Amino acid sequence: MATKKKSAGGRKASSKVAPAKGKLGVMVVGLGAVATTMIAGVEAVRRGLAKPIGSLTQMGTIRLGKRTENKSPLIKDFVPIADLNDVVFTGWDIFKDNVYEAAAHAAVLDKETLAKLKPYLETIKPLPAVFDQYYVKRLHGTHVKKGKNKRDLADQVIADIRNFKKTVDRVVMIWAGSTEIFLEPTAVHQSLAAFEKGLKTDDIGIAPSQIYAYAALSEGVPFANGAPNLTVDTPALIELSKKNSAPICGKDFKTGQTFMKTVLAPAFKARMIGVSGWFSTNILGNRDGEVLDDPQSFKTKEESKLGSLEYIFQPELYPDLYKDIYHKIRINYYPPRGDDKEAWDNIDIFGWLGYPMQLKVNFLCRDSILAAPIALDLVLFLDLAKRTPSLKSIGIQEWLSFYLKSPQTAEGLYPEHDLFIQSMKLKNTLRHIMGADLITHLGLEYYD
Ligand SMILES: NC(=O)c1ccc[n+]([C@@H]2O[C@H](COP(=O)([O-])OP(=O)(O)OC[C@H]3O[C@@H](n4cnc5c(N)ncnc54)[C@H](O)[C@@H]3O)[C@@H](O)[C@H]2O)c1
């Protein structure tokens, strides 16, 4: 695992990425559809019952050197990521159901598969959650912690982390809980000191997801956010992330419609095809759909979904093509479909001399089947970041934007949404930390 000293973008590559020795503990906040599909899926893969389709860490390769060298190892053989056999799960939920019961309720995986995994899944029982219905209107939690203030609740989560740490070697936390109401950063989020004071005074700007994140980062535990909640997207928690070498990344798993948007929009832009309108609608019948039926939770999701097109199209650079796009997003709760989301996009585009055309996309996807491998990859890559000297104390891991609808960046930087640029950034980061040459795709050397 030794890496050469090499410069990339003015940065020195790290000396050595620490090996993934021992058990990796994964603490999941919210044991719902996505979380249980990830956990059951990992166990199914460990038992050889299925393949980890959709997971870059498990199935992806990375090209090294020139195209003529034919060297493309598996990513997991190139960088020291934790072996799935070393992953141990625990988590919190506002309901008492164990992971088997929760997975059966979510009804993503079929009964036969779940039956085979039942003895294992039943052993994972949620810890009582930090919850307040003010932040998720449609849920009524029964399995929740009580505390005299938010500081007390954070301390209880810290105690949970410390207990779990006794049984494993390293820990990562991921939020797979429900989408909270839309919150904008306020004074309490501007510094760690203000945030810690706010915990004691029960500041209304501090939602449960921020309490979990604070607890994780305080303990040096990397934190990923699968929902569009504000959570770690604040100066206070970025400060804590850097201070305690606990990596963080952006928010909201990039799964169905936004995944497609960040593939199609760069294609239109690359060919200088104009866009006048983009209408996206969905039907979704799982608990996530029910939570998003509340206007305040929907607002959080809408903000997260809207951002991508604006950044990809750069209307300020291409006013003739993209300055007047009408972009509309609807999510409709429709119980009969459960987790099987159906999404429609109508895209009004225009070409040579302004002649209009239309593209229709009808994606019949399975929400949690798309999200589970993303959750797994985020956990494994954040653990890798924590063991990488050049990454662990920089706070935001922008190279993980690939997985997220709302990438987080250093102040003043616009987020990169183009899926293929994100993919290149991710793979170049892996090459960089391992001391391999970056790949620029210039390719002139083949014609010397
Ligand atoms: N599935 C996807 O494709 C996808 C894509 C992007 C984002 N997401 C987001 O991921 C999250 C999970 O999605 P899901 O489909 O699994 O939803 P879900 O409703 O099935 O699961 C969420 C779970 O979180 C629990 N929960 C809520 N608040 C909690 C708290 N404060 N502490 C602990 N547990 C809490 C709920 O009880 C529930 O079991 C949602 O926020 C969703 O918007 C999902």
# chains A, B, ... in the order shown; residues from 1 in each chain; ligands from 1

call {"tool": "closest_atom_pairs", "arguments": {"of": "segment 2-108 of chain A", "to": "segment 398-419 of chain A", "cutoff": "12 Å", "atoms": "only C-alpha atoms", "output": "JSON lines"}}
result
{"residue": "A:Gly54", "atom": "CA", "partner": "A:Tyr403", "partner_atom": "CA", "distance": 11.4}
{"residue": "A:Ser55", "atom": "CA", "partner": "A:Tyr403", "partner_atom": "CA", "distance": 10.7}
{"residue": "A:Leu56", "atom": "CA", "partner": "A:Tyr403", "partner_atom": "CA", "distance": 10.4}

call {"tool": "residues_near_ligand", "arguments": {"ligand": "ligand 1", "cutoff": "6 Å", "atoms": "only C-alpha atoms and all ligand atoms", "output": "PyMOL selection string"}}
result
chain A and resi 29-35+92-95+129-131+176-179+208+226-227+252-255+287-288+367-368+370-371

call {"tool": "closest_residue", "arguments": {"among": "A:Tyr120, A:Tyr326, A:Phe298, A:Tyr447", "to": "Gly41 of chain A", "atoms": "only C-alpha atoms"}}
result
A:Tyr120

call {"tool": "closest_residue", "arguments": {"among": "A:Lys425, A:Lys146, A:Arg46, A:Lys261", "to": "Gln397 of chain A", "atoms": "only C-alpha atoms"}}
result
A:Lys425

call {"tool": "select_by_dssp", "arguments": {"residues": "segment 291-439 of chain A", "states": "alpha helix (DSSP H)", "output": "PyMOL selection string"}}
result
chain A and resi 291-292+295-313+319-322+367-386+419-433

call {"tool": "residues_around", "arguments": {"residues": "Gln58 of chain A", "least_positions_apart": "4", "cutoff": "8 Å", "atoms": "only C-alpha atoms", "output": "count of residues only"}}
result
4

call {"tool": "closest_atom_pairs", "arguments": {"of": "segment 224-334 of chain A", "to": "segment 342-356 of chain A", "cutoff": "8 Å", "atoms": "only C-alpha atoms", "output": "CSV"}}
result
residue,atom,partner,partner_atom,distance
A:Gly256,CA,A:Ala343,CA,7.9
A:Gln257,CA,A:Ala343,CA,6.7
A:Ile273,CA,A:Gly351,CA,5.4
A:Gly274,CA,A:Phe350,CA,4.9
A:Val275,CA,A:Ile349,CA,4.2
A:Ser276,CA,A:Asp348,CA,5.5
A:Gly277,CA,A:Asp348,CA,5.0
A:Trp278,CA,A:Ile347,CA,4.6
A:Phe279,CA,A:Asn346,CA,5.2
A:Ser280,CA,A:Asp345,CA,4.5
A:Thr281,CA,A:Trp344,CA,5.4
A:Asn282,CA,A:Ala343,CA,4.3
A:Ile283,CA,A:Glu342,CA,5.5
A:Leu284,CA,A:Glu342,CA,6.9

call {"tool": "write_last_selection", "arguments": {"atoms": "C-alpha atoms", "output": "PDB file, in the first residue's frame"}}
result
ATOM      1  CA  GLY A 256     -33.463   7.839 -10.166  1.00  0.00           C
ATOM      2  CA  GLN A 257     -34.507  11.012 -11.883  1.00  0.00           C
ATOM      3  CA  ILE A 273     -28.353  21.755 -27.803  1.00  0.00           C
ATOM      4  CA  GLY A 274     -30.684  24.279 -26.163  1.00  0.00           C
ATOM      5  CA  VAL A 275     -33.260  23.463 -23.491  1.00  0.00           C
ATOM      6  CA  SER A 276     -36.437  25.458 -22.909  1.00  0.00           C
ATOM      7  CA  GLY A 277     -38.219  23.275 -20.379  1.00  0.00           C
ATOM      8  CA  TRP A 278     -37.744  20.235 -18.174  1.00  0.00           C
ATOM      9  CA  PHE A 279     -40.785  18.783 -16.448  1.00  0.00           C
ATOM     10  CA  SER A 280     -40.202  15.920 -14.019  1.00  0.00           C
ATOM     11  CA  THR A 281     -42.876  14.037 -12.159  1.00  0.00           C
ATOM     12  CA  ASN A 282     -42.852  10.891 -10.021  1.00  0.00           C
ATOM     13  CA  ILE A 283     -45.221   8.511  -8.316  1.00  0.00           C
ATOM     14  CA  LEU A 284     -43.893   6.811  -5.218  1.00  0.00           C
TER      15      LEU A 284
END

call {"tool": "closest_residue", "arguments": {"among": "A:Ala215, A:Val28, A:Val188, A:Ile374", "to": "Lys125 of chain A", "atoms": "only C-alpha atoms"}}
result
A:Val28

call {"tool": "closest_residue", "arguments": {"among": "A:Gln422, A:Thr234, A:Ser245, A:Asn229", "to": "Thr300 of chain A", "atoms": "only C-alpha atoms"}}
result
A:Asn229

call {"tool": "residues_around", "arguments": {"residues": "Arg387 of chain A", "least_positions_apart": "2", "cutoff": "10 Å", "atoms": "only C-alpha atoms", "output": "count of residues only"}}
result
18

call {"tool": "closest_residue", "arguments": {"among": "A:Arg337, A:Glu122, A:Asp294, A:Met27", "to": "Arg366 of chain A", "atoms": "only C-alpha atoms"}}
result
A:Arg337
